[in-house]
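Student: Got a structure for you, written out below as C-alpha cells; questions coming shortly.
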Amino acid sequence: MSKEAAEKDEACICYCSLQILDRDGIGLKTKGSSVGGPVHLISEEGADKVVFEALFNADDPLFYMELRNEDQFYIFGHLWMDGSSFNEDKKFLNITPMLTQTAHKAMEKSGTKSFEMKATCPFLRDSTSKAIPITATIVEKKFTTKLAAIKLEIPRKDWDEFKDYRVRFWKAGKIWAGAEDKKDDKKDKKEGEGEDGDKKE
C-alpha cells in the first residue's frame with residue numbers, strides 16, 4: 001500500500017456484523033440473533049459525505065436479525081476493513097448498544113420503518129464527541145421485525161483522518177518489521193557469520 005493508494009475511497013473494503021445481546025452483554029445464539037456481510041461504498045470519490053450501505057436478506061429463514069419489542073435486548077455490532085474476519089487491527093466502527101424496544105418506540109413516533117443508531121470510530125481524535133449516525137431499516141415478515149439494511153454517512157474530514165490512521169498503522173508495521181530484520185542481522189554477525197551466512201575464517 002502507498003499513501004496515494006490509501007487516500008482513495010475505493011481502497012477501503014468494509015464488512016459488518018450485528019447481533020442481539022442480552023442485558024449482561026452476552027450474545028444470543030438462537031435463530032434470528034445476528035446478521036452481517038459486506039458494506040458497500042455508494043458515494044462518489046471525494047464527496048463531502050462518505051456514504052456506506054449494507055443490505056440483509058429478510059427472506060432468509062435462519063440467518064437474520066430480529067428486533068423484538070422488549071426491554072431486555074440490545075443491538076450491537078462492529079464495522080471493519082480489509083477482510084471478512086474481524087479483529088481489533090481492522091476495526092472501523094463500534095455501534096453503541098441500543099435497546100431494541102427503543103428502536104421500536106422511535107419508529108412508532110416517526111411513523112416510518114427506520115430508526116437511528118450511533119457508532120464511534122475509536123481511531124479518531126476525540127472520538128466520543130464525533131458520533132456517526134447509522135440509519136437502520138426494517139421489514140415485517142410473518143409478524144417478525146427483521147433488520148433489512150443499514151446506511152451511514154461520515155463527514156469527509158473524519159473519513160480522511162481515519163484513512164490517515166490506516167496509513168500510519170501500515171507504516172509502523174513496516175518500520176518494526178525492518179527493525180527486527182536489522183536486529184537479526186547484528187545477531188548473526190556477532191556469531192561470526194558473513195553476509196552470505198558462511199563462517200568467517
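Quick note on naming: the chains in the C-alpha cells go A, B, ... in the order shown, residues restart at 1 in each chain, and ligands are numbered from 1 in order of appearance.
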Compile the contact shell of stretch 37-41 of chain A as a list in words: residues with an atom at most 8 Å away, counting only C-alpha atoms, same-chain residues fewer than 4 positions apart removed.
Tutor: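 That gives Glu10, Ile13, Cys14, Tyr15, Cys16, Ser17, Val50, Val51, Phe52, Glu53, Ala54, Leu55, Phe56 and Ser84 of chain A.
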Student: Enumerate the residues of stretch 44-178 of chain A with a DSSP assignment of helix (DSSP H, G or I), computed from the backbone, and present them as a count of residues only.
Tutor: 40
Student: Looking at A:His78, A:Lys141, A:Lys146, A:Lys174, which one is nearest to A:Thr100, with distances taken over only C-alpha atoms?
Tutor: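 Residue with the minimum atom-to-atom distance to A:Thr100: A:Lys146.
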Student: Rank A:Asn87, A:Thr137, A:Lys163, A:Glu108 by their smallest atom-to-atom distance to A:Leu124, using only C-alpha atoms, and report the top residue only.
Tutor: A:Lys163
Student: When you look at stretch 22-33 of chain A with a cut-off of 12 Å (counting only C-alpha atoms), what residues show up, excluding the ones that are within fewer than 2 positions of it in the same chain? I need them as a PyMOL selection string.
Tutor: chain A and resi 17-20+35-36+57-68+70-77+96-100+144-147
Student: For a test of reading the model, state the distance in Å between atom CA of A:Gly83 and atom CA of A:Tyr165, rounded to one decimal.
Tutor: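 Between atom CA of A:Gly83 and atom CA of A:Tyr165 the gap works out to 17.7 Å.
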Student: Step one, run DSSP on the backbone; step two, keep only residues of stretch 14-162 of chain A assigned to strand (DSSP E or B); then write them as a PyMOL selection string.
Tutor: chain A and resi 14-22+27+33-41+49-55+65-66+73-81+91-99+114-120+132-141+144-155
Student: Show which residues sit within 10 Å of A:Trp159, as a PDB file with all heavy atoms, in the first residue's frame. Count only C-alpha atoms, and ignore same-chain residues fewer than 2 positions away.
Tutor:
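Full text of result_8.pdb as output:
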ATOM      1  N   GLU A   7      -5.288   6.884   0.062  1.00  0.00           N
ATOM      2  CA  GLU A   7      -6.108   8.088   0.098  1.00  0.00           C
ATOM      3  C   GLU A   7      -7.371   7.963  -0.743  1.00  0.00           C
ATOM      4  O   GLU A   7      -8.305   8.752  -0.589  1.00  0.00           O
ATOM      5  CB  GLU A   7      -5.282   9.287  -0.379  1.00  0.00           C
ATOM      6  CG  GLU A   7      -4.280   9.779   0.670  1.00  0.00           C
ATOM      7  CD  GLU A   7      -3.407  10.902   0.152  1.00  0.00           C
ATOM      8  OE1 GLU A   7      -3.375  11.095  -1.080  1.00  0.00           O
ATOM      9  OE2 GLU A   7      -2.764  11.565   0.970  1.00  0.00           O
ATOM     10  N   ASP A   9     -10.937   6.578  -1.754  1.00  0.00           N
ATOM     11  CA  ASP A   9     -12.046   5.969  -1.022  1.00  0.00           C
ATOM     12  C   ASP A   9     -12.213   4.501  -1.386  1.00  0.00           C
ATOM     13  O   ASP A   9     -12.487   3.655  -0.525  1.00  0.00           O
ATOM     14  CB  ASP A   9     -13.351   6.719  -1.317  1.00  0.00           C
ATOM     15  CG  ASP A   9     -13.332   8.135  -0.774  1.00  0.00           C
ATOM     16  OD1 ASP A   9     -12.453   8.447   0.044  1.00  0.00           O
ATOM     17  OD2 ASP A   9     -14.200   8.933  -1.166  1.00  0.00           O
ATOM     18  N   ASP A  48     -18.397  15.127  -0.053  1.00  0.00           N
ATOM     19  CA  ASP A  48     -18.321  15.735   1.272  1.00  0.00           C
ATOM     20  C   ASP A  48     -18.782  14.769   2.357  1.00  0.00           C
ATOM     21  O   ASP A  48     -18.274  14.803   3.479  1.00  0.00           O
ATOM     22  CB  ASP A  48     -19.180  16.997   1.329  1.00  0.00           C
ATOM     23  CG  ASP A  48     -18.595  18.128   0.496  1.00  0.00           C
ATOM     24  OD1 ASP A  48     -17.382  18.074   0.220  1.00  0.00           O
ATOM     25  OD2 ASP A  48     -19.349  19.040   0.128  1.00  0.00           O
ATOM     26  N   LYS A  49     -19.745  13.936   2.045  1.00  0.00           N
ATOM     27  CA  LYS A  49     -20.208  12.882   2.943  1.00  0.00           C
ATOM     28  C   LYS A  49     -19.874  11.533   2.319  1.00  0.00           C
ATOM     29  O   LYS A  49     -20.263  11.261   1.179  1.00  0.00           O
ATOM     30  CB  LYS A  49     -21.722  12.985   3.168  1.00  0.00           C
ATOM     31  CG  LYS A  49     -22.177  14.214   3.930  1.00  0.00           C
ATOM     32  CD  LYS A  49     -21.960  14.045   5.428  1.00  0.00           C
ATOM     33  CE  LYS A  49     -22.613  15.195   6.189  1.00  0.00           C
ATOM     34  NZ  LYS A  49     -22.464  15.033   7.653  1.00  0.00           N
ATOM     35  N   VAL A  50     -19.152  10.694   3.056  1.00  0.00           N
ATOM     36  CA  VAL A  50     -18.809   9.355   2.572  1.00  0.00           C
ATOM     37  C   VAL A  50     -19.911   8.409   3.053  1.00  0.00           C
ATOM     38  O   VAL A  50     -20.149   8.281   4.259  1.00  0.00           O
ATOM     39  CB  VAL A  50     -17.439   8.906   3.101  1.00  0.00           C
ATOM     40  CG1 VAL A  50     -17.060   7.544   2.530  1.00  0.00           C
ATOM     41  CG2 VAL A  50     -16.386   9.943   2.737  1.00  0.00           C
ATOM     42  N   CYS A 121     -15.840   5.808  15.922  1.00  0.00           N
ATOM     43  CA  CYS A 121     -14.593   5.305  15.358  1.00  0.00           C
ATOM     44  C   CYS A 121     -13.504   5.582  16.389  1.00  0.00           C
ATOM     45  O   CYS A 121     -13.098   6.736  16.568  1.00  0.00           O
ATOM     46  CB  CYS A 121     -14.274   5.998  14.042  1.00  0.00           C
ATOM     47  SG  CYS A 121     -12.700   5.479  13.322  1.00  0.00           S
ATOM     48  N   LEU A 124     -10.295   7.959  15.766  1.00  0.00           N
ATOM     49  CA  LEU A 124     -10.361   9.403  15.564  1.00  0.00           C
ATOM     50  C   LEU A 124      -9.997  10.120  16.855  1.00  0.00           C
ATOM     51  O   LEU A 124     -10.320   9.651  17.956  1.00  0.00           O
ATOM     52  CB  LEU A 124     -11.772   9.830  15.146  1.00  0.00           C
ATOM     53  CG  LEU A 124     -12.325   9.287  13.832  1.00  0.00           C
ATOM     54  CD1 LEU A 124     -13.720   9.848  13.599  1.00  0.00           C
ATOM     55  CD2 LEU A 124     -11.412   9.612  12.658  1.00  0.00           C
ATOM     56  N   GLU A 153     -23.392   7.815   7.046  1.00  0.00           N
ATOM     57  CA  GLU A 153     -22.743   8.929   6.378  1.00  0.00           C
ATOM     58  C   GLU A 153     -21.659   9.484   7.293  1.00  0.00           C
ATOM     59  O   GLU A 153     -21.925   9.837   8.434  1.00  0.00           O
ATOM     60  CB  GLU A 153     -23.751  10.020   6.036  1.00  0.00           C
ATOM     61  CG  GLU A 153     -24.817   9.588   5.041  1.00  0.00           C
ATOM     62  CD  GLU A 153     -25.725  10.735   4.652  1.00  0.00           C
ATOM     63  OE1 GLU A 153     -25.560  11.838   5.221  1.00  0.00           O
ATOM     64  OE2 GLU A 153     -26.581  10.541   3.780  1.00  0.00           O
ATOM     65  N   ILE A 154     -20.444   9.564   6.762  1.00  0.00           N
ATOM     66  CA  ILE A 154     -19.301  10.012   7.547  1.00  0.00           C
ATOM     67  C   ILE A 154     -18.781  11.329   6.977  1.00  0.00           C
ATOM     68  O   ILE A 154     -18.529  11.417   5.770  1.00  0.00           O
ATOM     69  CB  ILE A 154     -18.174   8.956   7.517  1.00  0.00           C
ATOM     70  CG1 ILE A 154     -18.730   7.602   7.948  1.00  0.00           C
ATOM     71  CG2 ILE A 154     -17.011   9.371   8.402  1.00  0.00           C
ATOM     72  CD1 ILE A 154     -17.806   6.458   7.657  1.00  0.00           C
ATOM     73  N   PRO A 155     -18.616  12.355   7.800  1.00  0.00           N
ATOM     74  CA  PRO A 155     -18.042  13.607   7.292  1.00  0.00           C
ATOM     75  C   PRO A 155     -16.677  13.361   6.658  1.00  0.00           C
ATOM     76  O   PRO A 155     -15.882  12.553   7.155  1.00  0.00           O
ATOM     77  CB  PRO A 155     -17.922  14.473   8.552  1.00  0.00           C
ATOM     78  CG  PRO A 155     -18.952  13.920   9.488  1.00  0.00           C
ATOM     79  CD  PRO A 155     -18.977  12.445   9.221  1.00  0.00           C
ATOM     80  N   ARG A 156     -16.400  14.051   5.570  1.00  0.00           N
ATOM     81  CA  ARG A 156     -15.150  13.855   4.832  1.00  0.00           C
ATOM     82  C   ARG A 156     -13.923  14.011   5.729  1.00  0.00           C
ATOM     83  O   ARG A 156     -12.986  13.213   5.656  1.00  0.00           O
ATOM     84  CB  ARG A 156     -15.102  14.846   3.662  1.00  0.00           C
ATOM     85  CG  ARG A 156     -13.765  14.987   2.962  1.00  0.00           C
ATOM     86  CD  ARG A 156     -13.234  13.699   2.390  1.00  0.00           C
ATOM     87  NE  ARG A 156     -14.153  13.106   1.430  1.00  0.00           N
ATOM     88  CZ  ARG A 156     -13.882  11.961   0.783  1.00  0.00           C
ATOM     89  NH1 ARG A 156     -12.749  11.318   1.001  1.00  0.00           N
ATOM     90  NH2 ARG A 156     -14.749  11.461  -0.064  1.00  0.00           N
ATOM     91  N   LYS A 157     -13.908  15.011   6.614  1.00  0.00           N
ATOM     92  CA  LYS A 157     -12.723  15.241   7.448  1.00  0.00           C
ATOM     93  C   LYS A 157     -12.475  14.062   8.400  1.00  0.00           C
ATOM     94  O   LYS A 157     -11.316  13.688   8.646  1.00  0.00           O
ATOM     95  CB  LYS A 157     -12.844  16.545   8.226  1.00  0.00           C
ATOM     96  CG  LYS A 157     -14.025  16.636   9.164  1.00  0.00           C
ATOM     97  CD  LYS A 157     -14.065  18.008   9.837  1.00  0.00           C
ATOM     98  CE  LYS A 157     -15.263  18.151  10.777  1.00  0.00           C
ATOM     99  NZ  LYS A 157     -15.243  17.169  11.871  1.00  0.00           N
ATOM    100  N   GLU A 161      -9.280  11.458   8.251  1.00  0.00           N
ATOM    101  CA  GLU A 161      -8.481  11.203   9.455  1.00  0.00           C
ATOM    102  C   GLU A 161      -8.348   9.703   9.709  1.00  0.00           C
ATOM    103  O   GLU A 161      -7.268   9.214  10.070  1.00  0.00           O
ATOM    104  CB  GLU A 161      -9.111  11.886  10.670  1.00  0.00           C
ATOM    105  CG  GLU A 161      -8.291  11.723  11.944  1.00  0.00           C
ATOM    106  CD  GLU A 161      -8.931  12.371  13.156  1.00  0.00           C
ATOM    107  OE1 GLU A 161      -9.789  13.259  12.977  1.00  0.00           O
ATOM    108  OE2 GLU A 161      -8.566  11.996  14.287  1.00  0.00           O
ATOM    109  N   PHE A 162      -9.419   8.959   9.499  1.00  0.00           N
ATOM    110  CA  PHE A 162      -9.359   7.505   9.673  1.00  0.00           C
ATOM    111  C   PHE A 162      -8.407   6.872   8.654  1.00  0.00           C
ATOM    112  O   PHE A 162      -7.608   5.991   8.995  1.00  0.00           O
ATOM    113  CB  PHE A 162     -10.755   6.893   9.532  1.00  0.00           C
ATOM    114  CG  PHE A 162     -10.746   5.388   9.511  1.00  0.00           C
ATOM    115  CD1 PHE A 162     -10.422   4.659  10.638  1.00  0.00           C
ATOM    116  CD2 PHE A 162     -11.054   4.695   8.336  1.00  0.00           C
ATOM    117  CE1 PHE A 162     -10.396   3.274  10.618  1.00  0.00           C
ATOM    118  CE2 PHE A 162     -11.035   3.318   8.308  1.00  0.00           C
ATOM    119  CZ  PHE A 162     -10.703   2.600   9.448  1.00  0.00           C
ATOM    120  N   LYS A 163      -8.459   7.330   7.409  1.00  0.00           N
ATOM    121  CA  LYS A 163      -7.559   6.788   6.389  1.00  0.00           C
ATOM    122  C   LYS A 163      -6.101   7.119   6.711  1.00  0.00           C
ATOM    123  O   LYS A 163      -5.209   6.285   6.494  1.00  0.00           O
ATOM    124  CB  LYS A 163      -7.946   7.300   5.003  1.00  0.00           C
ATOM    125  CG  LYS A 163      -9.245   6.705   4.474  1.00  0.00           C
ATOM    126  CD  LYS A 163      -9.442   7.002   3.004  1.00  0.00           C
ATOM    127  CE  LYS A 163      -9.622   8.467   2.732  1.00  0.00           C
ATOM    128  NZ  LYS A 163      -9.846   8.741   1.300  1.00  0.00           N
ATOM    129  N   ASP A 164      -5.862   8.315   7.249  1.00  0.00           N
ATOM    130  CA  ASP A 164      -4.505   8.673   7.658  1.00  0.00           C
ATOM    131  C   ASP A 164      -4.010   7.727   8.756  1.00  0.00           C
ATOM    132  O   ASP A 164      -2.835   7.335   8.767  1.00  0.00           O
ATOM    133  CB  ASP A 164      -4.466  10.119   8.174  1.00  0.00           C
ATOM    134  CG  ASP A 164      -4.559  11.137   7.051  1.00  0.00           C
ATOM    135  OD1 ASP A 164      -4.340  10.759   5.885  1.00  0.00           O
ATOM    136  OD2 ASP A 164      -4.868  12.312   7.343  1.00  0.00           O
ATOM    137  N   TYR A 165      -4.896   7.383   9.675  1.00  0.00           N
ATOM    138  CA  TYR A 165      -4.522   6.432  10.725  1.00  0.00           C
ATOM    139  C   TYR A 165      -4.132   5.087  10.117  1.00  0.00           C
ATOM    140  O   TYR A 165      -3.139   4.467  10.528  1.00  0.00           O
ATOM    141  CB  TYR A 165      -5.676   6.239  11.716  1.00  0.00           C
ATOM    142  CG  TYR A 165      -5.426   5.072  12.643  1.00  0.00           C
ATOM    143  CD1 TYR A 165      -4.637   5.229  13.784  1.00  0.00           C
ATOM    144  CD2 TYR A 165      -5.938   3.808  12.349  1.00  0.00           C
ATOM    145  CE1 TYR A 165      -4.375   4.150  14.611  1.00  0.00           C
ATOM    146  CE2 TYR A 165      -5.665   2.724  13.176  1.00  0.00           C
ATOM    147  CZ  TYR A 165      -4.889   2.898  14.299  1.00  0.00           C
ATOM    148  OH  TYR A 165      -4.622   1.828  15.108  1.00  0.00           O
TER     149      TYR A 165
END
